[in-house]
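J.: Here it is, the structure, as structure tokens.
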Amino acid sequence: MTDLRLVIFDVDGTLVDSQADILASMRAAFASAGLEVPARSEILSIVGLSLPLAIAELAPGIAPATRDAMVEAYKASYMGLRIEKGSPQSSPLYPNTREVLEALHAQPETLLGIATGKSRRGLDKLLDGHEMRRLFVTQQCADDHPSKPHPAMIEAALSETGMPAHRAVMLGDTSFDMQMARAAGVTAVGVTWGYHDAARLRDAHHVIDDIRALPALLEEIWETTA
């Protein structure tokens, strides 16, 4: 039996705090279509979904052409903010995140991956901006899979790394992450510093309030799945 294990991370709301740019870009998307801008809480509630689905959730009943135009307006705004500020300032890492990622990456038996609703271009820019690409052996994004909570991203990560589901963990801040993990048969770890409150993480097997608690929790999980 392999001693390897895989830890898959969501990005927005889990590794980086991109809240300001998400809110600004969604407001720009709605303004471009002449629609009333949703409340902050509504916008944050759909973080994690692929962008077309997220906009459809916030503006049900809009025509597909309008939705597609709003998607492009969002992308243009987000890219402009990233260029203006740079990824480290536009989407800063949460406290202690880099240190924990580096420590896990240093463990020969631990593989790290990503499953995000970001586009490939957005993910690439973020990883390169933070100089983190080398940390993740598998990187799954919205361009290649159905939106969360469909399990396709995790299933692809398992396939690419050759890991069985019981030796994998999904870390995320939204109910969509937890549902995706459950659907894929991997352990779901919710985090409370992101965009969904703890009450929405009811599908999580475990919940942590500080990323520094993750290594010890992972050791507990691996002991029960050896």
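Here, A, B, ... name the chains of the structure tokens in the order displayed, residue numbers run from 1 inside each chain, and ligands are numbered from 1 in the same displayed order.
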If we count only C-alpha atoms and set the cut-off at 12 Å, which residues sit around region 150-165 of chain A, ignoring sequence neighbours fewer than 2 positions away in its own chain? Please answer as an MDAnalysis selection string.
T.: chainID A and resid 1:10 48:50 109:118 136:148 167:171 176:188 225:226
J.: Taking only residues of region 1-91 of chain A that have an atom at most 12 Å from an atom of region 197-213 of chain A, what is each one's shortest atom pair and its distance in Å to one decimal, using only C-alpha atoms, in chain and number order, as a tab-separated table?
T.:
```
residue	atom	partner	partner_atom	distance
A:Phe9	CA	A:Ile211	CA	11.6
A:Gly13	CA	A:Asp197	CA	11.2
A:Thr14	CA	A:Ile211	CA	9.0
A:Leu15	CA	A:Ile211	CA	9.2
A:Val16	CA	A:Ile211	CA	11.9
A:Ser41	CA	A:Asp197	CA	10.7
A:Leu44	CA	A:Asp197	CA	10.5
A:Ser45	CA	A:Asp197	CA	9.4
```
J.: How about saving the chosen residues, N, CA and C atoms kept, as a compact mmCIF listing (two decimals), in the first residue's frame?
T.:
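This went into part.txt:
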```txt
# COMPACT_ATOMS: atom_id res chain seq x y z
N PHE A 9 -6.17 21.74 -2.59
CA PHE A 9 -6.58 23.02 -2.04
C PHE A 9 -7.48 23.77 -3.02
N GLY A 13 -10.40 32.30 -1.14
CA GLY A 13 -11.04 32.11 0.15
C GLY A 13 -10.38 31.02 0.99
N THR A 14 -9.41 30.32 0.41
CA THR A 14 -8.71 29.25 1.13
C THR A 14 -7.21 29.56 1.21
N LEU A 15 -6.60 29.78 0.05
CA LEU A 15 -5.19 30.15 0.02
C LEU A 15 -5.00 31.66 -0.07
N VAL A 16 -5.84 32.31 -0.87
CA VAL A 16 -5.69 33.76 -1.06
C VAL A 16 -7.00 34.48 -0.77
N SER A 41 -22.90 40.02 0.40
CA SER A 41 -23.08 38.66 0.91
C SER A 41 -23.53 37.70 -0.19
N LEU A 44 -20.43 36.92 -2.44
CA LEU A 44 -19.49 35.99 -1.79
C LEU A 44 -20.07 34.60 -1.65
N SER A 45 -21.38 34.50 -1.63
CA SER A 45 -22.01 33.18 -1.46
C SER A 45 -21.79 32.27 -2.66
```
J.: How many Å lie between CA of Ala103 (chain A) and CA of Val47 (chain A), rounded to one decimal?
T.: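 Going from CA of Ala103 (chain A) over to CA of Val47 (chain A), I get 27.5 Å.
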J.: Contacts of region 31-34 of chain A at 12 Å or less, counting only C-alpha atoms, minus same-chain residues fewer than 2 places along, as number ranges by chain?
T.: A: 24-29, 36-38, 55, 59, 62-63, 65-74, 76-77
J.: Would you kindly return, as a PyMOL selection string, each protein, DNA or RNA residue with an atom no farther than 10 Å from any atom of Leu81 (chain A), considering only C-alpha atoms and excluding same-chain residues fewer than 2 positions away?
T.: chain A and resi 20-22+24-25+75-79+83-87+89-91
J.: What does the file look like for those residues with N, CA and C atoms, as a short mmCIF file (atom, residue, chain, number, x, y, z; two decimals), in the first residue's frame?
T.:
```
data_model
loop_
_atom_site.label_atom_id
_atom_site.label_comp_id
_atom_site.auth_asym_id
_atom_site.auth_seq_id
_atom_site.Cartn_x
_atom_site.Cartn_y
_atom_site.Cartn_z
N ALA A 20 -11.75 41.51 -2.47
CA ALA A 20 -11.93 42.87 -2.98
C ALA A 20 -12.07 42.86 -4.49
N ASP A 21 -11.23 42.09 -5.17
CA ASP A 21 -11.27 42.07 -6.64
C ASP A 21 -12.48 41.31 -7.15
N ILE A 22 -12.90 40.27 -6.44
CA ILE A 22 -14.11 39.54 -6.83
C ILE A 22 -15.32 40.45 -6.75
N ALA A 24 -15.39 43.79 -6.76
CA ALA A 24 -15.29 44.88 -7.73
C ALA A 24 -15.61 44.38 -9.14
N SER A 25 -15.14 43.19 -9.48
CA SER A 25 -15.34 42.68 -10.83
C SER A 25 -16.77 42.24 -11.06
N LYS A 75 -14.19 39.19 -16.35
CA LYS A 75 -12.80 38.80 -16.62
C LYS A 75 -11.94 40.01 -16.93
N ALA A 76 -12.48 40.95 -17.72
CA ALA A 76 -11.71 42.13 -18.07
C ALA A 76 -11.40 42.97 -16.84
N SER A 77 -12.39 43.11 -15.96
CA SER A 77 -12.18 43.87 -14.73
C SER A 77 -11.16 43.20 -13.83
N TYR A 78 -11.30 41.89 -13.67
CA TYR A 78 -10.41 41.15 -12.77
C TYR A 78 -8.97 41.22 -13.28
N MET A 79 -8.81 41.03 -14.59
CA MET A 79 -7.47 41.08 -15.17
C MET A 79 -6.87 42.47 -15.02
N ILE A 83 -3.41 43.36 -13.10
CA ILE A 83 -2.30 44.05 -13.76
C ILE A 83 -1.93 45.31 -12.99
N GLU A 84 -2.96 46.03 -12.54
CA GLU A 84 -2.73 47.30 -11.84
C GLU A 84 -1.99 47.09 -10.52
N LYS A 85 -2.40 46.05 -9.77
CA LYS A 85 -1.86 45.86 -8.42
C LYS A 85 -0.82 44.75 -8.31
N GLY A 86 -0.84 43.79 -9.24
CA GLY A 86 0.03 42.62 -9.13
C GLY A 86 -0.64 41.57 -8.27
N SER A 87 -0.41 40.30 -8.58
CA SER A 87 -1.10 39.21 -7.87
C SER A 87 -0.89 39.23 -6.36
N GLN A 89 -0.61 41.60 -4.30
CA GLN A 89 -1.45 42.60 -3.66
C GLN A 89 -2.92 42.42 -4.03
N SER A 90 -3.17 41.97 -5.25
CA SER A 90 -4.55 41.77 -5.70
C SER A 90 -5.20 40.59 -4.99
N SER A 91 -4.44 39.52 -4.80
CA SER A 91 -4.94 38.31 -4.13
C SER A 91 -3.89 37.85 -3.13
#
```
J.: Could you please write out, as a ChimeraX atom specification, every residue of region 6-202 of chain A that DSSP assigns to helix (DSSP H, G or I)?
T.: /A:19-32,40-45,51-58,64-85,87-90,97-105,120-129,133-135,142-144,152-161,165-167,175-184,198-201
J.: Write out as a PDB file with C-alpha atoms, in the first residue's frame the set of residues from chain A that DSSP, computed on the backbone, places in strand (DSSP E).
T.:
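For reference, states.pdb as written:
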```pdb
ATOM      1  CA  ARG A   5      -1.059  11.132   0.252  1.00  0.00           C
ATOM      2  CA  LEU A   6      -2.631  14.030  -1.629  1.00  0.00           C
ATOM      3  CA  VAL A   7      -3.843  17.348  -0.220  1.00  0.00           C
ATOM      4  CA  ILE A   8      -6.005  19.331  -2.659  1.00  0.00           C
ATOM      5  CA  PHE A   9      -6.578  23.024  -2.041  1.00  0.00           C
ATOM      6  CA  THR A 110       2.820  14.433   0.661  1.00  0.00           C
ATOM      7  CA  LEU A 111       1.619  15.662  -2.722  1.00  0.00           C
ATOM      8  CA  LEU A 112      -0.180  18.981  -3.117  1.00  0.00           C
ATOM      9  CA  GLY A 113      -2.849  19.848  -5.661  1.00  0.00           C
ATOM     10  CA  ILE A 114      -5.364  22.532  -6.593  1.00  0.00           C
ATOM     11  CA  ALA A 115      -9.055  22.408  -7.508  1.00  0.00           C
ATOM     12  CA  THR A 138      -1.788  18.669 -10.086  1.00  0.00           C
ATOM     13  CA  GLN A 139      -3.756  21.821 -10.917  1.00  0.00           C
ATOM     14  CA  GLN A 140      -7.431  21.512 -11.848  1.00  0.00           C
ATOM     15  CA  ALA A 168      -6.716  12.330  -0.345  1.00  0.00           C
ATOM     16  CA  VAL A 169      -8.070  15.417   1.402  1.00  0.00           C
ATOM     17  CA  MET A 170      -9.849  18.463  -0.031  1.00  0.00           C
ATOM     18  CA  LEU A 171      -9.395  21.773   1.804  1.00  0.00           C
ATOM     19  CA  GLY A 172     -11.833  24.566   1.025  1.00  0.00           C
ATOM     20  CA  THR A 187     -12.018  13.663   3.211  1.00  0.00           C
ATOM     21  CA  ALA A 188     -13.527  17.160   3.302  1.00  0.00           C
ATOM     22  CA  VAL A 189     -11.781  19.772   5.469  1.00  0.00           C
ATOM     23  CA  GLY A 190     -13.549  23.114   5.781  1.00  0.00           C
ATOM     24  CA  VAL A 191     -11.853  26.378   6.723  1.00  0.00           C
ATOM     25  CA  HIS A 206     -13.387  18.383   9.778  1.00  0.00           C
ATOM     26  CA  VAL A 207     -13.319  22.179  10.176  1.00  0.00           C
ATOM     27  CA  ILE A 208     -10.291  24.289  11.122  1.00  0.00           C
TER      28      ILE A 208
END
```
J.: Distance CA of Asp17 (chain A)-CA of Leu93 (chain A), one decimal place?
T.: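 Straight-line distance from CA of Asp17 (chain A) to CA of Leu93 (chain A) works out to 6.3 Å.
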